[in-house]
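A.B. asks: Quick one: structure below, then a few questions.
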Amino acid sequence: MPLQSVRTGVSLHYEVSGEGDPLLLVMGTSGSIPLWGELVPRLAERYRVIAFDNRGLGGSERGDGPITAATMAEDAAALLEALEIPKAHAMGWSLGSAVVQELAIAHPQRVASAVLYATWGRCDGFQRAIFTALRLPYAVGDMEAALAVAGLAFSPELMDRPDVQQLFEPMLPAFPQNEEQMAVTVEQWDADLALDTLDRLGGIEAPTLVVVGEQDLLTPPRQAKAVADAIPKARFELVTGPGSSHGLHIERPDDLLRLVTGFLDQHPVLA
């Protein structure tokens with residue numbers, strides 16, 4: 001598995017697949033590359049997809065220093081530098097979307113376009129309650145409870161299926177595998193809770209697509225809409241109906257891919 005040393009002092013595990021305009025994928029809280037599911041191979045049919053594990057998860061080193069959306073954005077920028085990719089599309093899911101916000105603000109020259117999938121700019125009271133509930137099992141080291149409450153990221157339709165356990169089985173390796181990774185996930189939840197970009201989003205210059213599901217409990221549509229409203233000329237897309245959860249790429253991959261590829265194709269990477 002390729003590891004890349006970067007200027008922020010860590011080695012990051014990454015995978016590159018496909019050809020075409022470069023597209024950086026930034027994972028959400030607690031996840032590593034396999035949690036993208038079929039999204040990576042399907043996007044790789046059209047783009048050069050760079051997927052990586054955030055520091056301390058998957059195959060990436062933890063390194064030193066705090067974990068915040070801003071420090072993770074520096075890791076992402078450093079990876080693009082190390083791979084000699086001057087400019088790329090950047091797509092982030094959940095915490096990954098917060099990282100892409102910070103990346104687009106701090107390194108505008110590196111971001112050809114931004115896709116913020118399941119995003120927010122500042123926690124409201126409801127979101128703070130959800131994140132705190134999701135954080136607790138990791139803080140006390142209870143992986144069974146962590147996986148149980150992860151069901152909040154999915155739709156009532158999916159969670160009510162009799163084969164839901166079998167559906168989640170292949171995703172288990174994408175979650176934290178030891179105490180160190182559980183501790184990093186607590187730091188990631190703290191980064192989610194601390195996120196406060198709303199007053200700076202007007203500085204994003206890249207063309208931006210904001211996508212959220214109607215049933216998303218973790219980053220509710222009103223929060224994603226506030227982000228879209230704060231970014232000049234951002235496009236807002238609400239996916240509705242069954243399966244329109246926080247995990248759209250798992251439950252509604254066709255709809256998410258249609259929106260994302262349609263948007264990216266309108267904004268080719270011009271070095």
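Chain identifiers are assigned as A, B, and so on, following the order in which chains appear in the structure tokens; residues are numbered from 1 within each chain, and ligands are numbered from 1 in order of appearance.
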Set the distance at 8 Å and use only C-alpha atoms: which residues neighbour stretch 120-128 of chain A once local chain neighbours fewer than 3 positions away are removed? I'd like the list as a PyMOL selection string.
C.D. replies: chain A and resi 98+131-132+193-198+217-220+223-224+226-227
A.B. asks: Take the residues from that selection and put them in a file with all heavy atoms, as a tab-separated table (two decimals), in the first residue's frame.
C.D. replies:
chain	number	residue	atom	x	y	z
A	98	ALA	N	-15.71	19.51	5.60
A	98	ALA	CA	-15.16	20.62	6.39
A	98	ALA	C	-13.68	20.83	6.03
A	98	ALA	O	-13.21	21.97	5.93
A	98	ALA	CB	-15.30	20.33	7.88
A	131	PHE	N	-23.58	14.73	17.39
A	131	PHE	CA	-22.14	14.45	17.36
A	131	PHE	C	-21.63	13.96	18.71
A	131	PHE	O	-20.78	13.07	18.79
A	131	PHE	CB	-21.35	15.71	16.95
A	131	PHE	CG	-21.45	16.06	15.48
A	131	PHE	CD1	-20.96	17.28	15.03
A	131	PHE	CD2	-22.00	15.20	14.56
A	131	PHE	CE1	-21.02	17.62	13.68
A	131	PHE	CE2	-22.07	15.52	13.21
A	131	PHE	CZ	-21.58	16.74	12.78
A	132	THR	N	-22.15	14.54	19.78
A	132	THR	CA	-21.72	14.13	21.13
A	132	THR	C	-22.13	12.69	21.41
A	132	THR	O	-21.37	11.91	22.00
A	132	THR	CB	-22.31	15.09	22.18
A	132	THR	OG1	-21.89	16.43	21.90
A	132	THR	CG2	-21.84	14.72	23.58
A	193	LEU	N	-17.16	19.05	16.20
A	193	LEU	CA	-17.85	19.92	17.15
A	193	LEU	C	-17.30	21.34	17.14
A	193	LEU	O	-18.03	22.31	17.34
A	193	LEU	CB	-17.76	19.33	18.57
A	193	LEU	CG	-18.65	18.11	18.82
A	193	LEU	CD1	-18.15	17.28	19.99
A	193	LEU	CD2	-20.10	18.55	19.05
A	194	ALA	N	-15.99	21.46	16.90
A	194	ALA	CA	-15.33	22.77	16.95
A	194	ALA	C	-15.40	23.54	15.64
A	194	ALA	O	-15.05	24.73	15.60
A	194	ALA	CB	-13.86	22.59	17.35
A	195	LEU	N	-15.86	22.89	14.57
A	195	LEU	CA	-15.83	23.54	13.25
A	195	LEU	C	-16.57	24.88	13.30
A	195	LEU	O	-17.69	24.97	13.80
A	195	LEU	CB	-16.48	22.64	12.20
A	195	LEU	CG	-16.46	23.22	10.78
A	195	LEU	CD1	-15.05	23.24	10.21
A	195	LEU	CD2	-17.40	22.45	9.86
A	196	ASP	N	-15.94	25.91	12.74
A	196	ASP	CA	-16.56	27.24	12.70
A	196	ASP	C	-16.03	28.01	11.50
A	196	ASP	O	-15.16	28.85	11.61
A	196	ASP	CB	-16.26	27.99	14.00
A	196	ASP	CG	-17.13	29.24	14.15
A	196	ASP	OD1	-17.91	29.53	13.22
A	196	ASP	OD2	-17.00	29.92	15.18
A	197	THR	N	-16.59	27.66	10.32
A	197	THR	CA	-16.13	28.29	9.08
A	197	THR	C	-17.15	29.27	8.51
A	197	THR	O	-16.83	29.99	7.55
A	197	THR	CB	-15.88	27.22	7.99
A	197	THR	OG1	-17.07	26.41	7.88
A	197	THR	CG2	-14.69	26.33	8.33
A	198	LEU	N	-18.34	29.31	9.07
A	198	LEU	CA	-19.46	29.99	8.42
A	198	LEU	C	-19.13	31.43	8.00
A	198	LEU	O	-19.49	31.86	6.90
A	198	LEU	CB	-20.68	29.98	9.35
A	198	LEU	CG	-22.05	29.92	8.69
A	198	LEU	CD1	-22.16	28.81	7.66
A	198	LEU	CD2	-23.13	29.77	9.75
A	217	LEU	N	-29.46	13.19	9.29
A	217	LEU	CA	-29.56	13.65	10.68
A	217	LEU	C	-28.27	14.29	11.18
A	217	LEU	O	-28.30	15.13	12.07
A	217	LEU	CB	-29.89	12.47	11.59
A	217	LEU	CG	-31.28	11.84	11.46
A	217	LEU	CD1	-31.37	10.60	12.35
A	217	LEU	CD2	-32.35	12.85	11.83
A	218	LEU	N	-27.12	13.89	10.62
A	218	LEU	CA	-25.83	14.36	11.13
A	218	LEU	C	-25.51	15.76	10.63
A	218	LEU	O	-25.01	16.60	11.38
A	218	LEU	CB	-24.69	13.40	10.75
A	218	LEU	CG	-24.51	12.17	11.65
A	218	LEU	CD1	-25.69	11.23	11.52
A	218	LEU	CD2	-23.22	11.45	11.30
A	219	THR	N	-25.76	15.99	9.35
A	219	THR	CA	-25.56	17.33	8.77
A	219	THR	C	-26.87	17.70	8.05
A	219	THR	O	-26.98	17.56	6.85
A	219	THR	CB	-24.36	17.34	7.78
A	219	THR	OG1	-24.56	16.34	6.76
A	219	THR	CG2	-23.07	17.05	8.50
A	220	PRO	N	-27.86	18.14	8.82
A	220	PRO	CA	-29.20	18.35	8.27
A	220	PRO	C	-29.21	19.35	7.11
A	220	PRO	O	-28.34	20.23	7.02
A	220	PRO	CB	-29.98	18.90	9.47
A	220	PRO	CG	-29.22	18.44	10.68
A	220	PRO	CD	-27.79	18.45	10.26
A	223	GLN	N	-28.43	23.01	7.57
A	223	GLN	CA	-27.03	23.34	7.83
A	223	GLN	C	-26.24	23.39	6.52
A	223	GLN	O	-25.40	24.28	6.32
A	223	GLN	CB	-26.41	22.32	8.79
A	223	GLN	CG	-26.91	22.42	10.22
A	223	GLN	CD	-26.36	23.65	10.91
A	223	GLN	OE1	-26.80	24.77	10.65
A	223	GLN	NE2	-25.39	23.46	11.80
A	224	ALA	N	-26.49	22.43	5.65
A	224	ALA	CA	-25.82	22.42	4.34
A	224	ALA	C	-26.25	23.64	3.51
A	224	ALA	O	-25.42	24.26	2.83
A	224	ALA	CB	-26.15	21.13	3.59
A	226	ALA	N	-27.12	26.53	4.66
A	226	ALA	CA	-26.43	27.72	5.20
A	226	ALA	C	-25.03	27.85	4.62
A	226	ALA	O	-24.55	28.96	4.36
A	226	ALA	CB	-26.38	27.64	6.72
A	227	VAL	N	-24.37	26.71	4.40
A	227	VAL	CA	-23.04	26.72	3.77
A	227	VAL	C	-23.14	27.20	2.33
A	227	VAL	O	-22.38	28.08	1.89
A	227	VAL	CB	-22.39	25.32	3.84
A	227	VAL	CG1	-21.15	25.24	2.95
A	227	VAL	CG2	-22.03	24.97	5.28
A.B. asks: Using only C-alpha atoms, find each residue in stretch 164-267 of chain A having at least one atom no more than 7 Å away from stretch 134-153 of chain A; report its shortest atom-to-atom pair and that distance in Å (one decimal), rows by chain then rising number, as JSON lines.
C.D. replies:
{"residue": "A:Met182", "atom": "CA", "partner": "A:Tyr138", "partner_atom": "CA", "distance": 5.5}
{"residue": "A:Ala183", "atom": "CA", "partner": "A:Tyr138", "partner_atom": "CA", "distance": 6.9}
{"residue": "A:Thr185", "atom": "CA", "partner": "A:Tyr138", "partner_atom": "CA", "distance": 6.8}
{"residue": "A:Val186", "atom": "CA", "partner": "A:Ala139", "partner_atom": "CA", "distance": 6.0}
{"residue": "A:Trp189", "atom": "CA", "partner": "A:Arg135", "partner_atom": "CA", "distance": 5.9}
{"residue": "A:Leu217", "atom": "CA", "partner": "A:Ala153", "partner_atom": "CA", "distance": 6.9}
{"residue": "A:Leu218", "atom": "CA", "partner": "A:Ala153", "partner_atom": "CA", "distance": 6.6}
{"residue": "A:Ser245", "atom": "CA", "partner": "A:Ala153", "partner_atom": "CA", "distance": 6.4}
{"residue": "A:His246", "atom": "CA", "partner": "A:Ala153", "partner_atom": "CA", "distance": 5.0}
{"residue": "A:Gly247", "atom": "CA", "partner": "A:Ala153", "partner_atom": "CA", "distance": 5.9}
A.B. asks: Generate a file of the selected residues that holds C-alpha atoms, formatted as an mmCIF file, in the first residue's frame.
C.D. replies:
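What landed in result.cif:
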data_model
loop_
_atom_site.group_PDB
_atom_site.id
_atom_site.type_symbol
_atom_site.label_atom_id
_atom_site.label_comp_id
_atom_site.auth_asym_id
_atom_site.auth_seq_id
_atom_site.Cartn_x
_atom_site.Cartn_y
_atom_site.Cartn_z
ATOM 1 C CA MET A 182 -10.447 4.934 18.442
ATOM 2 C CA ALA A 183 -8.585 7.806 20.152
ATOM 3 C CA THR A 185 -11.699 9.235 16.045
ATOM 4 C CA VAL A 186 -12.483 11.048 19.305
ATOM 5 C CA TRP A 189 -15.437 14.198 16.585
ATOM 6 C CA LEU A 217 -29.562 13.648 10.676
ATOM 7 C CA LEU A 218 -25.826 14.363 11.130
ATOM 8 C CA SER A 245 -29.358 9.815 4.348
ATOM 9 C CA HIS A 246 -25.939 11.023 5.500
ATOM 10 C CA GLY A 247 -24.574 8.002 3.608
#
A.B. asks: I'd like the neighbourhood of A:Arg252 as a PyMOL selection string, where a residue qualifies if any of its atoms comes within 9 Å (using only C-alpha atoms), though same-chain residues fewer than 6 positions away should be ignored.
C.D. replies: chain A and resi 239+242-245
A.B. asks: Find the nearest atom pair between each residue of stretch 58-135 of chain A and stretch 5-22 of chain A for residues within 10 Å, count only C-alpha atoms, give distances in Å to one decimal, sort rows by chain and ascending number, and present the table as a tab-separated table.
C.D. replies:
residue	atom	partner	partner_atom	distance
A:Gly58	CA	A:His13	CA	7.5
A:Gly59	CA	A:His13	CA	5.1
A:Ser60	CA	A:Leu12	CA	4.4
A:Glu61	CA	A:Ser11	CA	5.6
A:Arg62	CA	A:Val10	CA	6.9
A:Gly63	CA	A:Val10	CA	5.3
A:Asp64	CA	A:Gly9	CA	7.7
A:Gly65	CA	A:Gly9	CA	9.6
A:Thr71	CA	A:Thr8	CA	8.7
A:Met72	CA	A:Thr8	CA	9.5
A:Glu74	CA	A:Thr8	CA	7.1
A:Asp75	CA	A:Thr8	CA	6.1
A:Ala76	CA	A:Val6	CA	9.3
A:Ala77	CA	A:Val6	CA	9.2
A:Ala78	CA	A:Val6	CA	5.6
A:Leu79	CA	A:Val6	CA	6.0
A:Leu80	CA	A:Val6	CA	9.1
A:Glu81	CA	A:Val6	CA	8.1
A:Ala82	CA	A:Val6	CA	6.2
A:Leu83	CA	A:Val6	CA	9.3
A:Ile85	CA	A:Pro22	CA	7.7
A:Pro86	CA	A:Pro22	CA	9.6
A:Lys87	CA	A:Pro22	CA	7.6
A:Ala88	CA	A:Pro22	CA	5.0
A:His89	CA	A:Pro22	CA	6.2
A:Ala90	CA	A:Pro22	CA	8.6
A:Ala112	CA	A:Pro22	CA	9.4
A.B. asks: Under the rule that only C-alpha atoms are counted, which of A:Leu248, A:Val184, A:Leu23, A:Val49 is the nearest residue to A:Ser155?
C.D. replies: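 Closest residue, counting only C-alpha atoms: A:Leu248.
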A.B. asks: What are the DSSP alpha helix (DSSP H) residues of stretch 6-138 of chain A, as a ChimeraX atom specification?
C.D. replies: /A:39-43,69-82,95-106,125-138
A.B. asks: Taking into account only C-alpha atoms, which residue in the set A:Thr119, A:Thr240, A:Gln177, A:Gln166 is nearest to A:Ala228?
C.D. replies: A:Thr119
A.B. asks: Which one is closest to A:Arg222: A:Leu209, A:Ala118, A:Val40, A:Ala104? Count only C-alpha atoms.
C.D. replies: A:Ala118
A.B. asks: With distances taken over only C-alpha atoms, which residue among A:Arg110, A:His249, A:Lys225, A:Arg258 lies nearest A:Gly92?
C.D. replies: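 Among the listed residues, A:His249 lies closest to A:Gly92.
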A.B. asks: If we count only C-alpha atoms and set the cut-off at 12 Å, which residues sit around A:Gly203, ignoring sequence neighbours fewer than 6 positions away in its own chain? Please answer as a PyMOL selection string.
C.D. replies: chain A and resi 101-108+197+230-234
A.B. asks: Only all heavy atoms, please: the residues just picked out, written as a compact mmCIF listing (two decimals), in the first residue's frame.
C.D. replies:
# COMPACT_ATOMS: atom_id res chain seq x y z
N GLN A 101 -13.56 22.64 2.77
CA GLN A 101 -13.81 24.07 3.00
C GLN A 101 -12.51 24.79 3.37
O GLN A 101 -12.16 25.83 2.78
CB GLN A 101 -14.82 24.28 4.13
CG GLN A 101 -16.24 23.85 3.85
CD GLN A 101 -17.10 23.98 5.10
OE1 GLN A 101 -16.82 24.77 5.99
NE2 GLN A 101 -18.16 23.19 5.17
N GLU A 102 -11.81 24.24 4.36
CA GLU A 102 -10.56 24.86 4.83
C GLU A 102 -9.49 24.84 3.74
O GLU A 102 -8.72 25.80 3.60
CB GLU A 102 -10.05 24.15 6.09
CG GLU A 102 -10.95 24.30 7.31
CD GLU A 102 -10.82 25.65 8.00
OE1 GLU A 102 -10.28 26.61 7.40
OE2 GLU A 102 -11.28 25.76 9.17
N LEU A 103 -9.45 23.76 2.95
CA LEU A 103 -8.49 23.67 1.85
C LEU A 103 -8.75 24.75 0.80
O LEU A 103 -7.83 25.43 0.33
CB LEU A 103 -8.59 22.28 1.21
CG LEU A 103 -7.66 21.97 0.03
CD1 LEU A 103 -6.21 21.95 0.47
CD2 LEU A 103 -8.05 20.63 -0.62
N ALA A 104 -10.03 24.95 0.47
CA ALA A 104 -10.40 25.95 -0.55
C ALA A 104 -10.14 27.37 -0.06
O ALA A 104 -9.84 28.26 -0.85
CB ALA A 104 -11.87 25.77 -0.93
N ILE A 105 -10.24 27.58 1.27
CA ILE A 105 -9.96 28.90 1.83
C ILE A 105 -8.46 29.17 1.90
O ILE A 105 -7.98 30.24 1.52
CB ILE A 105 -10.60 29.03 3.24
CG1 ILE A 105 -12.13 29.05 3.13
CG2 ILE A 105 -10.11 30.29 3.95
CD1 ILE A 105 -12.86 28.87 4.47
N ALA A 106 -7.70 28.17 2.38
CA ALA A 106 -6.26 28.36 2.62
C ALA A 106 -5.42 28.21 1.36
O ALA A 106 -4.35 28.81 1.24
CB ALA A 106 -5.77 27.38 3.69
N HIS A 107 -5.87 27.37 0.42
CA HIS A 107 -5.08 27.07 -0.79
C HIS A 107 -5.95 27.16 -2.03
O HIS A 107 -6.14 26.18 -2.75
CB HIS A 107 -4.47 25.66 -0.68
CG HIS A 107 -3.55 25.48 0.49
ND1 HIS A 107 -2.22 25.88 0.46
CD2 HIS A 107 -3.77 24.96 1.73
CE1 HIS A 107 -1.66 25.60 1.64
NE2 HIS A 107 -2.58 25.05 2.43
N PRO A 108 -6.48 28.35 -2.31
CA PRO A 108 -7.41 28.48 -3.44
C PRO A 108 -6.81 28.06 -4.78
O PRO A 108 -7.52 27.57 -5.65
CB PRO A 108 -7.78 29.97 -3.43
CG PRO A 108 -6.72 30.65 -2.62
CD PRO A 108 -6.26 29.65 -1.62
N THR A 197 -16.59 27.66 10.32
CA THR A 197 -16.13 28.29 9.08
C THR A 197 -17.15 29.27 8.51
O THR A 197 -16.83 29.99 7.55
CB THR A 197 -15.88 27.22 7.99
OG1 THR A 197 -17.07 26.41 7.88
CG2 THR A 197 -14.69 26.33 8.33
N ALA A 230 -23.60 30.83 1.98
CA ALA A 230 -22.45 31.66 2.38
C ALA A 230 -21.34 31.69 1.34
O ALA A 230 -20.46 32.55 1.40
CB ALA A 230 -21.89 31.15 3.71
N ILE A 231 -21.38 30.75 0.38
CA ILE A 231 -20.32 30.65 -0.64
C ILE A 231 -20.82 31.28 -1.93
O ILE A 231 -21.89 30.91 -2.44
CB ILE A 231 -19.93 29.18 -0.89
CG1 ILE A 231 -19.35 28.56 0.39
CG2 ILE A 231 -18.90 29.07 -2.02
CD1 ILE A 231 -19.12 27.06 0.30
N PRO A 232 -20.07 32.23 -2.48
CA PRO A 232 -20.51 32.90 -3.70
C PRO A 232 -20.84 31.91 -4.83
O PRO A 232 -20.01 31.06 -5.16
CB PRO A 232 -19.32 33.79 -4.08
CG PRO A 232 -18.58 34.01 -2.80
CD PRO A 232 -18.78 32.76 -2.00
N LYS A 233 -22.04 32.01 -5.37
CA LYS A 233 -22.49 31.23 -6.52
C LYS A 233 -22.48 29.72 -6.31
O LYS A 233 -22.47 28.95 -7.27
CB LYS A 233 -21.66 31.57 -7.76
CG LYS A 233 -21.76 33.04 -8.17
CD LYS A 233 -20.93 33.33 -9.40
CE LYS A 233 -21.01 34.80 -9.78
NZ LYS A 233 -20.07 35.14 -10.87
N ALA A 234 -22.46 29.26 -5.07
CA ALA A 234 -22.49 27.81 -4.83
C ALA A 234 -23.82 27.22 -5.31
O ALA A 234 -24.86 27.88 -5.26
CB ALA A 234 -22.30 27.51 -3.35
A.B. asks: With a distance cut-off of 9 Å and only C-alpha atoms, select the neighbouring residues of A:Val115, excluding the residue or stretch itself and same-chain residues fewer than 6 positions from it, and output the selection as a list in words.
C.D. replies: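 Non-adjacent residues within range: His89, Ala90, Met91, Gly92, Trp93, Ser97, Val100, Pro207, Thr208, Leu209, Val210, Val211, Val260, Phe263 and Leu264 of chain A.
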A.B. asks: Report the distance between atom CA of A:Gly241 and atom CA of A:Glu214 in Å, rounded to one decimal place.
C.D. replies: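 Distance reported for this atom pair: 7.1 Å.
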A.B. asks: Report the residues of stretch 221-259 of chain A whose backbone DSSP state falls under strand (DSSP E), written as a list in words.
C.D. replies: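 Put together, the selection reads Arg235, Phe236, Glu237, Leu238 and Val239 of chain A.
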A.B. asks: Record the distance separating atom CA of A:Ala206 and atom CA of A:Tyr47, expressed in Å with one decimal.
C.D. replies: 18.3 Å
A.B. asks: With only C-alpha atoms as the counted atoms, please give the residues lying no more than 8 Å from A:Gln188, apart from itself and same-chain residues fewer than 2 positions off, as a list in words.
C.D. replies: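 Everything that qualifies: Thr29, Ser30, Ile67, Thr68, Leu95, Val184, Thr185, Val186, Asp190, Ala191 and Asp192 of chain A.
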A.B. asks: Now that the selection is made, can you save its residues with N, CA and C atoms as a PDB file, in the first residue's frame?
C.D. replies:
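Output saved as selection.pdb:
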ATOM      1  N   THR A  29     -15.521  11.370   9.338  1.00  0.00           N
ATOM      2  CA  THR A  29     -15.129  10.919  10.675  1.00  0.00           C
ATOM      3  C   THR A  29     -15.150   9.393  10.797  1.00  0.00           C
ATOM      4  N   SER A  30     -14.095   8.853  11.352  1.00  0.00           N
ATOM      5  CA  SER A  30     -13.933   7.438  11.718  1.00  0.00           C
ATOM      6  C   SER A  30     -13.639   6.525  10.535  1.00  0.00           C
ATOM      7  N   ILE A  67      -5.566  17.656  15.799  1.00  0.00           N
ATOM      8  CA  ILE A  67      -6.379  17.275  14.635  1.00  0.00           C
ATOM      9  C   ILE A  67      -7.575  18.213  14.581  1.00  0.00           C
ATOM     10  N   THR A  68      -7.590  19.070  13.568  1.00  0.00           N
ATOM     11  CA  THR A  68      -8.716  19.969  13.315  1.00  0.00           C
ATOM     12  C   THR A  68      -8.996  19.928  11.819  1.00  0.00           C
ATOM     13  N   LEU A  95     -16.976  15.242   7.786  1.00  0.00           N
ATOM     14  CA  LEU A  95     -15.759  15.936   8.221  1.00  0.00           C
ATOM     15  C   LEU A  95     -14.869  16.249   7.024  1.00  0.00           C
ATOM     16  N   VAL A 184      -8.020   8.558  17.904  1.00  0.00           N
ATOM     17  CA  VAL A 184      -7.980   9.533  16.805  1.00  0.00           C
ATOM     18  C   VAL A 184      -9.402   9.918  16.403  1.00  0.00           C
ATOM     19  N   THR A 185     -10.310   8.946  16.411  1.00  0.00           N
ATOM     20  CA  THR A 185     -11.699   9.235  16.045  1.00  0.00           C
ATOM     21  C   THR A 185     -12.347  10.193  17.041  1.00  0.00           C
ATOM     22  N   VAL A 186     -12.006  10.067  18.318  1.00  0.00           N
ATOM     23  CA  VAL A 186     -12.483  11.048  19.305  1.00  0.00           C
ATOM     24  C   VAL A 186     -11.988  12.448  18.929  1.00  0.00           C
ATOM     25  N   ASP A 190     -14.177  15.767  17.965  1.00  0.00           N
ATOM     26  CA  ASP A 190     -13.927  17.085  18.560  1.00  0.00           C
ATOM     27  C   ASP A 190     -13.726  18.146  17.467  1.00  0.00           C
ATOM     28  N   ALA A 191     -13.081  17.742  16.369  1.00  0.00           N
ATOM     29  CA  ALA A 191     -12.911  18.658  15.234  1.00  0.00           C
ATOM     30  C   ALA A 191     -14.262  19.004  14.612  1.00  0.00           C
ATOM     31  N   ASP A 192     -15.147  18.010  14.527  1.00  0.00           N
ATOM     32  CA  ASP A 192     -16.509  18.260  14.023  1.00  0.00           C
ATOM     33  C   ASP A 192     -17.232  19.281  14.906  1.00  0.00           C
TER      34      ASP A 192
END
A.B. asks: Rounded to one decimal place, report the atom CA of A:Thr261-atom CA of A:Val212 distance in Å.
C.D. replies: 15.5 Å
